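Here is query_16.txt, consisting of compact mmCIF, N, CA and C atoms:
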```txt
# COMPACT_ATOMS: atom_id res chain seq x y z
N MET Q 1 -31.42 -53.90 5.55
CA MET Q 1 -29.98 -53.96 5.53
C MET Q 1 -29.46 -52.60 5.96
N GLY Q 2 -28.54 -52.63 6.90
CA GLY Q 2 -27.94 -51.39 7.37
C GLY Q 2 -26.93 -50.84 6.37
N THR Q 3 -26.66 -49.57 6.47
CA THR Q 3 -25.73 -48.91 5.55
C THR Q 3 -24.35 -49.54 5.57
N ASP Q 4 -23.84 -49.84 6.76
CA ASP Q 4 -22.50 -50.45 6.85
C ASP Q 4 -22.45 -51.79 6.12
N ASP Q 5 -23.48 -52.61 6.31
CA ASP Q 5 -23.52 -53.91 5.64
C ASP Q 5 -23.69 -53.75 4.13
N LEU Q 6 -24.47 -52.78 3.70
CA LEU Q 6 -24.65 -52.54 2.27
C LEU Q 6 -23.33 -52.15 1.62
N VAL Q 7 -22.63 -51.23 2.23
CA VAL Q 7 -21.34 -50.79 1.67
C VAL Q 7 -20.37 -51.98 1.61
N GLN Q 8 -20.35 -52.77 2.67
CA GLN Q 8 -19.45 -53.93 2.69
C GLN Q 8 -19.81 -54.92 1.57
N LEU Q 9 -21.12 -55.19 1.37
CA LEU Q 9 -21.55 -56.12 0.32
C LEU Q 9 -21.15 -55.62 -1.06
N VAL Q 10 -21.35 -54.34 -1.31
CA VAL Q 10 -20.97 -53.77 -2.61
C VAL Q 10 -19.46 -53.91 -2.82
N MET Q 11 -18.69 -53.58 -1.81
CA MET Q 11 -17.23 -53.66 -1.95
C MET Q 11 -16.77 -55.11 -2.15
N ARG Q 12 -17.33 -56.04 -1.41
CA ARG Q 12 -16.95 -57.45 -1.58
C ARG Q 12 -17.34 -57.94 -2.96
N SER Q 13 -18.47 -57.48 -3.47
CA SER Q 13 -18.90 -57.88 -4.81
C SER Q 13 -17.95 -57.36 -5.88
N ILE Q 14 -17.50 -56.12 -5.73
CA ILE Q 14 -16.57 -55.53 -6.69
C ILE Q 14 -15.21 -56.20 -6.62
N GLU Q 15 -14.75 -56.50 -5.42
CA GLU Q 15 -13.40 -57.02 -5.21
C GLU Q 15 -13.30 -58.54 -5.32
N ALA Q 16 -14.43 -59.24 -5.45
CA ALA Q 16 -14.41 -60.71 -5.50
C ALA Q 16 -13.59 -61.19 -6.69
N LYS Q 17 -12.79 -62.22 -6.46
CA LYS Q 17 -11.94 -62.78 -7.51
C LYS Q 17 -12.43 -64.18 -7.88
N ASP Q 18 -12.46 -64.45 -9.17
CA ASP Q 18 -12.75 -65.79 -9.68
C ASP Q 18 -14.02 -66.42 -9.11
N VAL Q 19 -15.07 -65.64 -8.99
CA VAL Q 19 -16.32 -66.15 -8.45
C VAL Q 19 -17.16 -66.81 -9.53
N GLY Q 20 -17.11 -66.29 -10.72
CA GLY Q 20 -18.01 -66.76 -11.77
C GLY Q 20 -19.33 -66.03 -11.58
N TYR Q 21 -20.23 -66.64 -10.87
CA TYR Q 21 -21.48 -65.97 -10.52
C TYR Q 21 -21.91 -66.47 -9.14
N ALA Q 22 -22.71 -65.68 -8.48
CA ALA Q 22 -23.24 -66.06 -7.17
C ALA Q 22 -24.51 -65.27 -6.91
N ALA Q 23 -25.48 -65.92 -6.31
CA ALA Q 23 -26.70 -65.24 -5.87
C ALA Q 23 -26.50 -64.90 -4.40
N VAL Q 24 -26.29 -63.63 -4.13
CA VAL Q 24 -25.96 -63.19 -2.78
C VAL Q 24 -27.13 -62.37 -2.23
N TRP Q 25 -27.63 -62.77 -1.07
CA TRP Q 25 -28.71 -62.03 -0.42
C TRP Q 25 -28.14 -60.77 0.21
N GLY Q 26 -28.77 -59.65 -0.06
CA GLY Q 26 -28.36 -58.38 0.53
C GLY Q 26 -29.04 -58.19 1.87
N VAL Q 27 -28.66 -58.99 2.86
CA VAL Q 27 -29.24 -58.90 4.19
C VAL Q 27 -28.14 -58.82 5.23
N SER Q 28 -28.51 -58.28 6.36
CA SER Q 28 -27.58 -58.21 7.48
C SER Q 28 -27.60 -59.52 8.25
N ALA Q 29 -26.85 -59.58 9.32
CA ALA Q 29 -26.74 -60.78 10.15
C ALA Q 29 -27.92 -60.82 11.13
N ASN Q 30 -29.12 -60.89 10.61
CA ASN Q 30 -30.33 -60.82 11.42
C ASN Q 30 -30.63 -62.14 12.12
N THR Q 31 -30.91 -62.07 13.39
CA THR Q 31 -31.21 -63.26 14.19
C THR Q 31 -32.35 -64.06 13.58
N ARG Q 32 -33.39 -63.39 13.09
CA ARG Q 32 -34.57 -64.08 12.55
C ARG Q 32 -34.55 -64.21 11.03
N SER Q 33 -33.39 -64.13 10.45
CA SER Q 33 -33.27 -64.15 8.99
C SER Q 33 -33.77 -65.44 8.37
N TYR Q 34 -34.38 -65.33 7.21
CA TYR Q 34 -34.83 -66.48 6.44
C TYR Q 34 -33.73 -66.96 5.49
N TYR Q 35 -32.72 -66.15 5.29
CA TYR Q 35 -31.79 -66.36 4.20
C TYR Q 35 -30.46 -66.94 4.62
N ASP Q 36 -29.88 -67.73 3.73
CA ASP Q 36 -28.58 -68.34 3.92
C ASP Q 36 -27.52 -67.38 3.39
N LEU Q 37 -26.57 -67.06 4.22
CA LEU Q 37 -25.52 -66.11 3.83
C LEU Q 37 -24.28 -66.79 3.27
N ALA Q 38 -24.33 -68.09 2.99
CA ALA Q 38 -23.15 -68.83 2.53
C ALA Q 38 -22.53 -68.23 1.27
N GLU Q 39 -23.35 -67.87 0.28
CA GLU Q 39 -22.81 -67.30 -0.96
C GLU Q 39 -22.10 -65.97 -0.69
N GLY Q 40 -22.70 -65.14 0.16
CA GLY Q 40 -22.06 -63.88 0.51
C GLY Q 40 -20.77 -64.10 1.29
N ASN Q 41 -20.80 -65.05 2.21
CA ASN Q 41 -19.60 -65.36 2.98
C ASN Q 41 -18.48 -65.83 2.05
N ALA Q 42 -18.83 -66.53 0.98
CA ALA Q 42 -17.83 -67.05 0.04
C ALA Q 42 -17.05 -65.94 -0.66
N ILE Q 43 -17.65 -64.74 -0.77
CA ILE Q 43 -16.93 -63.62 -1.39
C ILE Q 43 -16.38 -62.67 -0.33
N GLY Q 44 -16.45 -63.09 0.93
CA GLY Q 44 -15.90 -62.28 2.02
C GLY Q 44 -16.89 -61.37 2.72
N TYR Q 45 -18.18 -61.48 2.36
CA TYR Q 45 -19.20 -60.65 3.01
C TYR Q 45 -19.50 -61.23 4.38
N ALA Q 46 -19.30 -60.43 5.40
CA ALA Q 46 -19.56 -60.85 6.78
C ALA Q 46 -20.33 -59.73 7.47
N PRO Q 47 -21.67 -59.72 7.31
CA PRO Q 47 -22.47 -58.63 7.88
C PRO Q 47 -22.33 -58.56 9.40
N THR Q 48 -22.44 -57.35 9.90
CA THR Q 48 -22.28 -57.13 11.34
C THR Q 48 -23.53 -56.56 11.99
N GLN Q 49 -24.43 -56.00 11.21
CA GLN Q 49 -25.62 -55.37 11.78
C GLN Q 49 -26.74 -56.39 11.95
N ASN Q 50 -27.63 -56.14 12.93
CA ASN Q 50 -28.69 -57.08 13.26
C ASN Q 50 -29.96 -56.30 13.58
N ALA Q 51 -31.02 -56.55 12.83
CA ALA Q 51 -32.29 -55.86 13.05
C ALA Q 51 -32.87 -56.15 14.43
N GLU Q 52 -32.41 -57.21 15.05
CA GLU Q 52 -32.89 -57.57 16.39
C GLU Q 52 -32.63 -56.44 17.39
N ASP Q 53 -31.63 -55.61 17.10
CA ASP Q 53 -31.32 -54.48 17.97
C ASP Q 53 -32.51 -53.52 18.11
N TRP Q 54 -33.40 -53.52 17.13
CA TRP Q 54 -34.56 -52.62 17.13
C TRP Q 54 -35.88 -53.37 17.28
N ALA Q 55 -35.83 -54.68 17.44
CA ALA Q 55 -37.06 -55.50 17.45
C ALA Q 55 -38.02 -55.09 18.56
N ASP Q 56 -37.54 -54.90 19.78
CA ASP Q 56 -38.45 -54.55 20.88
C ASP Q 56 -39.22 -53.27 20.57
N GLU Q 57 -38.52 -52.27 20.07
CA GLU Q 57 -39.15 -50.99 19.74
C GLU Q 57 -40.19 -51.16 18.63
N ILE Q 58 -39.85 -51.89 17.60
CA ILE Q 58 -40.75 -52.08 16.45
C ILE Q 58 -41.96 -52.93 16.85
N LEU Q 59 -41.72 -54.02 17.59
CA LEU Q 59 -42.80 -54.94 17.93
C LEU Q 59 -43.79 -54.37 18.94
N ARG Q 60 -43.42 -53.30 19.63
CA ARG Q 60 -44.35 -52.63 20.54
C ARG Q 60 -45.40 -51.83 19.77
N GLN Q 61 -45.13 -51.51 18.53
CA GLN Q 61 -46.06 -50.73 17.72
C GLN Q 61 -47.13 -51.65 17.14
N PRO Q 62 -48.32 -51.12 16.89
CA PRO Q 62 -49.37 -51.96 16.29
C PRO Q 62 -48.98 -52.39 14.88
N ASN Q 63 -49.30 -53.62 14.54
CA ASN Q 63 -49.03 -54.15 13.20
C ASN Q 63 -50.26 -53.90 12.34
N LEU Q 64 -50.16 -53.01 11.39
CA LEU Q 64 -51.30 -52.62 10.57
C LEU Q 64 -51.50 -53.51 9.35
N LEU Q 65 -50.61 -54.48 9.15
CA LEU Q 65 -50.73 -55.35 7.99
C LEU Q 65 -51.82 -56.40 8.21
N ASP Q 66 -52.46 -56.83 7.11
CA ASP Q 66 -53.46 -57.89 7.22
C ASP Q 66 -52.75 -59.21 7.53
N PRO Q 67 -53.48 -60.23 7.98
CA PRO Q 67 -52.85 -61.48 8.40
C PRO Q 67 -51.96 -62.14 7.32
N THR Q 68 -52.35 -62.05 6.06
CA THR Q 68 -51.53 -62.64 5.00
C THR Q 68 -50.20 -61.91 4.89
N ALA Q 69 -50.23 -60.60 4.90
CA ALA Q 69 -49.00 -59.81 4.81
C ALA Q 69 -48.12 -60.01 6.04
N GLN Q 70 -48.73 -60.27 7.19
CA GLN Q 70 -47.95 -60.53 8.40
C GLN Q 70 -47.26 -61.89 8.32
N ARG Q 71 -47.87 -62.83 7.63
CA ARG Q 71 -47.34 -64.20 7.58
C ARG Q 71 -46.19 -64.35 6.59
N PHE Q 72 -46.27 -63.65 5.46
CA PHE Q 72 -45.29 -63.83 4.40
C PHE Q 72 -44.36 -62.63 4.29
N GLN Q 73 -43.16 -62.88 3.84
CA GLN Q 73 -42.18 -61.82 3.67
C GLN Q 73 -42.57 -60.94 2.48
N GLY Q 74 -42.48 -59.63 2.65
CA GLY Q 74 -42.81 -58.71 1.58
C GLY Q 74 -43.71 -57.57 2.03
N GLY Q 75 -44.16 -57.62 3.28
CA GLY Q 75 -44.96 -56.53 3.81
C GLY Q 75 -46.23 -56.30 3.03
N GLN Q 76 -46.62 -55.04 2.88
CA GLN Q 76 -47.89 -54.70 2.22
C GLN Q 76 -47.92 -55.13 0.76
N PHE Q 77 -46.77 -55.36 0.16
CA PHE Q 77 -46.73 -55.72 -1.26
C PHE Q 77 -47.10 -57.18 -1.50
N VAL Q 78 -47.03 -58.01 -0.46
CA VAL Q 78 -47.28 -59.44 -0.63
C VAL Q 78 -48.72 -59.73 -1.04
N THR Q 79 -49.64 -58.85 -0.70
CA THR Q 79 -51.04 -59.11 -1.04
C THR Q 79 -51.51 -58.38 -2.30
N MET Q 80 -50.63 -57.69 -2.98
CA MET Q 80 -51.03 -57.04 -4.23
C MET Q 80 -51.42 -58.13 -5.23
N ASP Q 81 -52.61 -58.03 -5.77
CA ASP Q 81 -53.14 -58.99 -6.74
C ASP Q 81 -53.21 -60.40 -6.17
N TYR Q 82 -53.27 -60.54 -4.87
CA TYR Q 82 -53.37 -61.85 -4.22
C TYR Q 82 -54.83 -62.22 -4.03
N THR Q 83 -55.17 -63.45 -4.39
CA THR Q 83 -56.52 -63.97 -4.16
C THR Q 83 -56.38 -65.18 -3.25
N PRO Q 84 -57.02 -65.14 -2.08
CA PRO Q 84 -56.95 -66.29 -1.18
C PRO Q 84 -57.41 -67.56 -1.88
N LEU Q 85 -56.84 -68.69 -1.51
CA LEU Q 85 -57.12 -69.97 -2.14
C LEU Q 85 -58.62 -70.27 -2.21
N GLU Q 86 -59.33 -70.00 -1.11
CA GLU Q 86 -60.76 -70.33 -1.07
C GLU Q 86 -61.60 -69.44 -2.00
N GLN Q 87 -61.05 -68.36 -2.49
CA GLN Q 87 -61.77 -67.46 -3.40
C GLN Q 87 -61.38 -67.66 -4.86
N ARG Q 88 -60.45 -68.54 -5.11
CA ARG Q 88 -59.98 -68.77 -6.48
C ARG Q 88 -60.93 -69.72 -7.21
N GLY Q 89 -61.09 -69.47 -8.50
CA GLY Q 89 -61.90 -70.37 -9.33
C GLY Q 89 -61.13 -71.64 -9.61
N ARG Q 90 -61.86 -72.68 -9.95
CA ARG Q 90 -61.21 -73.95 -10.30
C ARG Q 90 -60.65 -73.90 -11.70
N ARG Q 91 -59.51 -74.53 -11.88
CA ARG Q 91 -58.91 -74.62 -13.21
C ARG Q 91 -59.49 -75.82 -13.96
N ALA Q 92 -59.53 -75.71 -15.26
CA ALA Q 92 -60.02 -76.80 -16.07
C ALA Q 92 -59.16 -78.05 -15.83
N GLY Q 93 -59.84 -79.20 -15.70
CA GLY Q 93 -59.12 -80.45 -15.50
C GLY Q 93 -58.80 -80.78 -14.06
N THR Q 94 -59.20 -79.92 -13.12
CA THR Q 94 -58.96 -80.23 -11.70
C THR Q 94 -60.25 -80.67 -11.04
N ALA Q 95 -60.12 -81.52 -10.08
CA ALA Q 95 -61.32 -82.01 -9.40
C ALA Q 95 -61.64 -81.18 -8.19
```
What's the structure tokens form of this structure?
Amino acid sequence: MGTDDLVQLVMRSIEAKDVGYAAVWGVSANTRSYYDLAEGNAIGYAPTQNAEDWADEILRQPNLLDPTAQRFQGGQFVTMDYTPLEQRGRRAGTA
């Protein structure tokens, strides 16, 4: 999330009226985003920054993450304490 979008999200969160509660993703208007911005839009959050502006530069660099970390969102942290399915023991009561 870019600084401009972060500041806007914080301000919209503070200034929101009669929202009750909302789960708002702190993300910019990224072309490849996984997240729905509807809740943020409901409080007036309209991100303007897009990580796609830097994608060519970033994607030219070697990806040092293992295949699991590359597949799932979370980067190097996604594989902390992760055991691949084929290496997991069977649970009692499963065939």
For the structure I just gave you, how does DSSP split chain Q - specifically, which residues are alpha helix (DSSP H)? Reply as a ChimeraX atom specification. /Q:3-15,38-42,55-59,67-71
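For the atom pair formed by atom CA of Q:Gly44 and atom CA of Q:Asp18, the distance is 12.6 Å, given to one decimal.
With distances taken from (-19.2, -55.5, 1.1) and restricted to only N, CA and C atoms, the residues inside 7 Å are Q:Asp5, Q:Leu6, Q:Val7, Q:Gln8, Q:Leu9, Q:Val10, Q:Met11, Q:Arg12, Q:Ser13, Q:Gly44, Q:Tyr45, Q:Ala46.
The space separating atom C of Q:Tyr34 from atom CA of Q:Pro84 comes to 24.2 Å.
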Using 6 Å of padding on each side, determine the axis-aligned box around all atoms of stretch 24-32 of chain Q present in the file and give its centre and edge lengths in Å to one decimal, as lines of an AutoDock Vina configuration file.
```
center_x = -30.3
center_y = -61.2
center_z = 5.0
size_x = 20.6
size_y = 18.0
size_z = 30.3
```
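Atom pair atom CA of Q:Arg32 / atom CA of Q:Ala55 has a distance of 10.2 Å (rounded to one decimal).
Using all atoms listed in the file, the shortest contact distance between Q:Asn50 and any of Q:Thr79, Q:Arg88, Q:Asn30, Q:Asp36 is found at Q:Asn30.
All protein and nucleic acid residues in the vicinity of (-24.3, -63.9, -0.3), that is within 7 Å when counting all atoms listed in the file, are Ala22, Ala23, Val24, Trp25, Gly26, Asp36, Leu37, Ala38, Glu39, Gly40, Asn41, Ala42, Ile43 and Tyr45 of chain Q.
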As a PDB file with N, CA and C atoms, in the frame of the given file, please: the residues near Q:Ser28 (cut-off 6.5 Å, only N, CA and C atoms, same-chain neighbours under 4 positions excluded).
```
ATOM      1  N   MET Q   1     -31.420 -53.900   5.550  1.00  0.00           N
ATOM      2  CA  MET Q   1     -29.980 -53.960   5.530  1.00  0.00           C
ATOM      3  C   MET Q   1     -29.460 -52.600   5.960  1.00  0.00           C
ATOM      4  N   GLY Q   2     -28.540 -52.630   6.900  1.00  0.00           N
ATOM      5  CA  GLY Q   2     -27.940 -51.390   7.370  1.00  0.00           C
ATOM      6  C   GLY Q   2     -26.930 -50.840   6.370  1.00  0.00           C
ATOM      7  N   ASP Q   5     -23.480 -52.610   6.310  1.00  0.00           N
ATOM      8  CA  ASP Q   5     -23.520 -53.910   5.640  1.00  0.00           C
ATOM      9  C   ASP Q   5     -23.690 -53.750   4.130  1.00  0.00           C
ATOM     10  N   PRO Q  47     -21.670 -59.720   7.310  1.00  0.00           N
ATOM     11  CA  PRO Q  47     -22.470 -58.630   7.880  1.00  0.00           C
ATOM     12  C   PRO Q  47     -22.330 -58.560   9.400  1.00  0.00           C
ATOM     13  N   THR Q  48     -22.440 -57.350   9.900  1.00  0.00           N
ATOM     14  CA  THR Q  48     -22.280 -57.130  11.340  1.00  0.00           C
ATOM     15  C   THR Q  48     -23.530 -56.560  11.990  1.00  0.00           C
ATOM     16  N   GLN Q  49     -24.430 -56.000  11.210  1.00  0.00           N
ATOM     17  CA  GLN Q  49     -25.620 -55.370  11.780  1.00  0.00           C
ATOM     18  C   GLN Q  49     -26.740 -56.390  11.950  1.00  0.00           C
ATOM     19  N   ASN Q  50     -27.630 -56.140  12.930  1.00  0.00           N
ATOM     20  CA  ASN Q  50     -28.690 -57.080  13.260  1.00  0.00           C
ATOM     21  C   ASN Q  50     -29.960 -56.300  13.580  1.00  0.00           C
ATOM     22  N   ALA Q  51     -31.020 -56.550  12.830  1.00  0.00           N
ATOM     23  CA  ALA Q  51     -32.290 -55.860  13.050  1.00  0.00           C
ATOM     24  C   ALA Q  51     -32.870 -56.150  14.430  1.00  0.00           C
TER      25      ALA Q  51
END
```
Would you mind putting back all heavy atoms on stretch 3-14 of chain Q, then writing it out as a PDB file, keeping the file's coordinate frame?
```
ATOM      1  N   THR Q   3     -26.660 -49.570   6.470  1.00  0.00           N
ATOM      2  CA  THR Q   3     -25.730 -48.910   5.550  1.00  0.00           C
ATOM      3  C   THR Q   3     -24.350 -49.540   5.570  1.00  0.00           C
ATOM      4  O   THR Q   3     -23.753 -49.788   4.521  1.00  0.00           O
ATOM      5  CB  THR Q   3     -25.623 -47.407   5.887  1.00  0.00           C
ATOM      6  OG1 THR Q   3     -26.936 -46.845   5.858  1.00  0.00           O
ATOM      7  CG2 THR Q   3     -24.745 -46.685   4.902  1.00  0.00           C
ATOM      8  N   ASP Q   4     -23.840 -49.840   6.760  1.00  0.00           N
ATOM      9  CA  ASP Q   4     -22.500 -50.450   6.850  1.00  0.00           C
ATOM     10  C   ASP Q   4     -22.450 -51.790   6.120  1.00  0.00           C
ATOM     11  O   ASP Q   4     -21.497 -52.076   5.394  1.00  0.00           O
ATOM     12  CB  ASP Q   4     -22.093 -50.657   8.312  1.00  0.00           C
ATOM     13  CG  ASP Q   4     -21.880 -49.352   9.063  1.00  0.00           C
ATOM     14  OD1 ASP Q   4     -21.782 -48.289   8.411  1.00  0.00           O
ATOM     15  OD2 ASP Q   4     -21.823 -49.393  10.307  1.00  0.00           O
ATOM     16  N   ASP Q   5     -23.480 -52.610   6.310  1.00  0.00           N
ATOM     17  CA  ASP Q   5     -23.520 -53.910   5.640  1.00  0.00           C
ATOM     18  C   ASP Q   5     -23.690 -53.750   4.130  1.00  0.00           C
ATOM     19  O   ASP Q   5     -23.083 -54.494   3.357  1.00  0.00           O
ATOM     20  CB  ASP Q   5     -24.631 -54.790   6.206  1.00  0.00           C
ATOM     21  CG  ASP Q   5     -24.278 -55.361   7.576  1.00  0.00           C
ATOM     22  OD1 ASP Q   5     -23.089 -55.353   7.950  1.00  0.00           O
ATOM     23  OD2 ASP Q   5     -25.196 -55.813   8.277  1.00  0.00           O
ATOM     24  N   LEU Q   6     -24.470 -52.780   3.700  1.00  0.00           N
ATOM     25  CA  LEU Q   6     -24.650 -52.540   2.270  1.00  0.00           C
ATOM     26  C   LEU Q   6     -23.330 -52.150   1.620  1.00  0.00           C
ATOM     27  O   LEU Q   6     -22.953 -52.705   0.577  1.00  0.00           O
ATOM     28  CB  LEU Q   6     -25.701 -51.454   2.030  1.00  0.00           C
ATOM     29  CG  LEU Q   6     -25.874 -51.021   0.572  1.00  0.00           C
ATOM     30  CD1 LEU Q   6     -26.308 -52.177  -0.303  1.00  0.00           C
ATOM     31  CD2 LEU Q   6     -26.870 -49.876   0.486  1.00  0.00           C
ATOM     32  N   VAL Q   7     -22.630 -51.230   2.230  1.00  0.00           N
ATOM     33  CA  VAL Q   7     -21.340 -50.790   1.670  1.00  0.00           C
ATOM     34  C   VAL Q   7     -20.370 -51.980   1.610  1.00  0.00           C
ATOM     35  O   VAL Q   7     -19.682 -52.196   0.605  1.00  0.00           O
ATOM     36  CB  VAL Q   7     -20.740 -49.626   2.489  1.00  0.00           C
ATOM     37  CG1 VAL Q   7     -19.300 -49.344   2.085  1.00  0.00           C
ATOM     38  CG2 VAL Q   7     -21.602 -48.379   2.331  1.00  0.00           C
ATOM     39  N   GLN Q   8     -20.350 -52.770   2.670  1.00  0.00           N
ATOM     40  CA  GLN Q   8     -19.450 -53.930   2.690  1.00  0.00           C
ATOM     41  C   GLN Q   8     -19.810 -54.920   1.570  1.00  0.00           C
ATOM     42  O   GLN Q   8     -18.943 -55.424   0.867  1.00  0.00           O
ATOM     43  CB  GLN Q   8     -19.517 -54.647   4.041  1.00  0.00           C
ATOM     44  CG  GLN Q   8     -18.565 -55.808   4.092  1.00  0.00           C
ATOM     45  CD  GLN Q   8     -18.788 -56.759   5.239  1.00  0.00           C
ATOM     46  OE1 GLN Q   8     -18.283 -57.855   5.180  1.00  0.00           O
ATOM     47  NE2 GLN Q   8     -19.540 -56.398   6.268  1.00  0.00           N
ATOM     48  N   LEU Q   9     -21.120 -55.190   1.370  1.00  0.00           N
ATOM     49  CA  LEU Q   9     -21.550 -56.120   0.320  1.00  0.00           C
ATOM     50  C   LEU Q   9     -21.150 -55.620  -1.060  1.00  0.00           C
ATOM     51  O   LEU Q   9     -20.650 -56.383  -1.890  1.00  0.00           O
ATOM     52  CB  LEU Q   9     -23.060 -56.345   0.385  1.00  0.00           C
ATOM     53  CG  LEU Q   9     -23.641 -57.250  -0.697  1.00  0.00           C
ATOM     54  CD1 LEU Q   9     -23.007 -58.633  -0.666  1.00  0.00           C
ATOM     55  CD2 LEU Q   9     -25.149 -57.350  -0.553  1.00  0.00           C
ATOM     56  N   VAL Q  10     -21.350 -54.340  -1.310  1.00  0.00           N
ATOM     57  CA  VAL Q  10     -20.970 -53.770  -2.610  1.00  0.00           C
ATOM     58  C   VAL Q  10     -19.460 -53.910  -2.820  1.00  0.00           C
ATOM     59  O   VAL Q  10     -19.009 -54.343  -3.887  1.00  0.00           O
ATOM     60  CB  VAL Q  10     -21.434 -52.301  -2.728  1.00  0.00           C
ATOM     61  CG1 VAL Q  10     -20.838 -51.637  -3.955  1.00  0.00           C
ATOM     62  CG2 VAL Q  10     -22.954 -52.222  -2.759  1.00  0.00           C
ATOM     63  N   MET Q  11     -18.690 -53.580  -1.810  1.00  0.00           N
ATOM     64  CA  MET Q  11     -17.230 -53.660  -1.950  1.00  0.00           C
ATOM     65  C   MET Q  11     -16.770 -55.110  -2.150  1.00  0.00           C
ATOM     66  O   MET Q  11     -15.916 -55.370  -2.999  1.00  0.00           O
ATOM     67  CB  MET Q  11     -16.536 -53.050  -0.733  1.00  0.00           C
ATOM     68  CG  MET Q  11     -16.746 -51.542  -0.615  1.00  0.00           C
ATOM     69  SD  MET Q  11     -16.304 -50.623  -2.120  1.00  0.00           S
ATOM     70  CE  MET Q  11     -14.565 -50.976  -2.246  1.00  0.00           C
ATOM     71  N   ARG Q  12     -17.330 -56.040  -1.410  1.00  0.00           N
ATOM     72  CA  ARG Q  12     -16.950 -57.450  -1.580  1.00  0.00           C
ATOM     73  C   ARG Q  12     -17.340 -57.940  -2.960  1.00  0.00           C
ATOM     74  O   ARG Q  12     -16.629 -58.747  -3.562  1.00  0.00           O
ATOM     75  CB  ARG Q  12     -17.581 -58.333  -0.503  1.00  0.00           C
ATOM     76  CG  ARG Q  12     -17.151 -58.037   0.911  1.00  0.00           C
ATOM     77  CD  ARG Q  12     -15.640 -58.186   1.104  1.00  0.00           C
ATOM     78  NE  ARG Q  12     -15.260 -57.735   2.416  1.00  0.00           N
ATOM     79  CZ  ARG Q  12     -14.832 -56.498   2.718  1.00  0.00           C
ATOM     80  NH1 ARG Q  12     -14.722 -55.589   1.784  1.00  0.00           N
ATOM     81  NH2 ARG Q  12     -14.511 -56.175   3.941  1.00  0.00           N
ATOM     82  N   SER Q  13     -18.470 -57.480  -3.470  1.00  0.00           N
ATOM     83  CA  SER Q  13     -18.900 -57.880  -4.810  1.00  0.00           C
ATOM     84  C   SER Q  13     -17.950 -57.360  -5.880  1.00  0.00           C
ATOM     85  O   SER Q  13     -17.616 -58.060  -6.830  1.00  0.00           O
ATOM     86  CB  SER Q  13     -20.321 -57.360  -5.090  1.00  0.00           C
ATOM     87  OG  SER Q  13     -21.231 -57.922  -4.180  1.00  0.00           O
ATOM     88  N   ILE Q  14     -17.500 -56.120  -5.730  1.00  0.00           N
ATOM     89  CA  ILE Q  14     -16.570 -55.530  -6.690  1.00  0.00           C
ATOM     90  C   ILE Q  14     -15.210 -56.200  -6.620  1.00  0.00           C
ATOM     91  O   ILE Q  14     -14.568 -56.470  -7.637  1.00  0.00           O
ATOM     92  CB  ILE Q  14     -16.435 -54.003  -6.433  1.00  0.00           C
ATOM     93  CG1 ILE Q  14     -17.753 -53.299  -6.758  1.00  0.00           C
ATOM     94  CG2 ILE Q  14     -15.270 -53.411  -7.221  1.00  0.00           C
ATOM     95  CD1 ILE Q  14     -17.817 -51.855  -6.286  1.00  0.00           C
TER      96      ILE Q  14
END
```
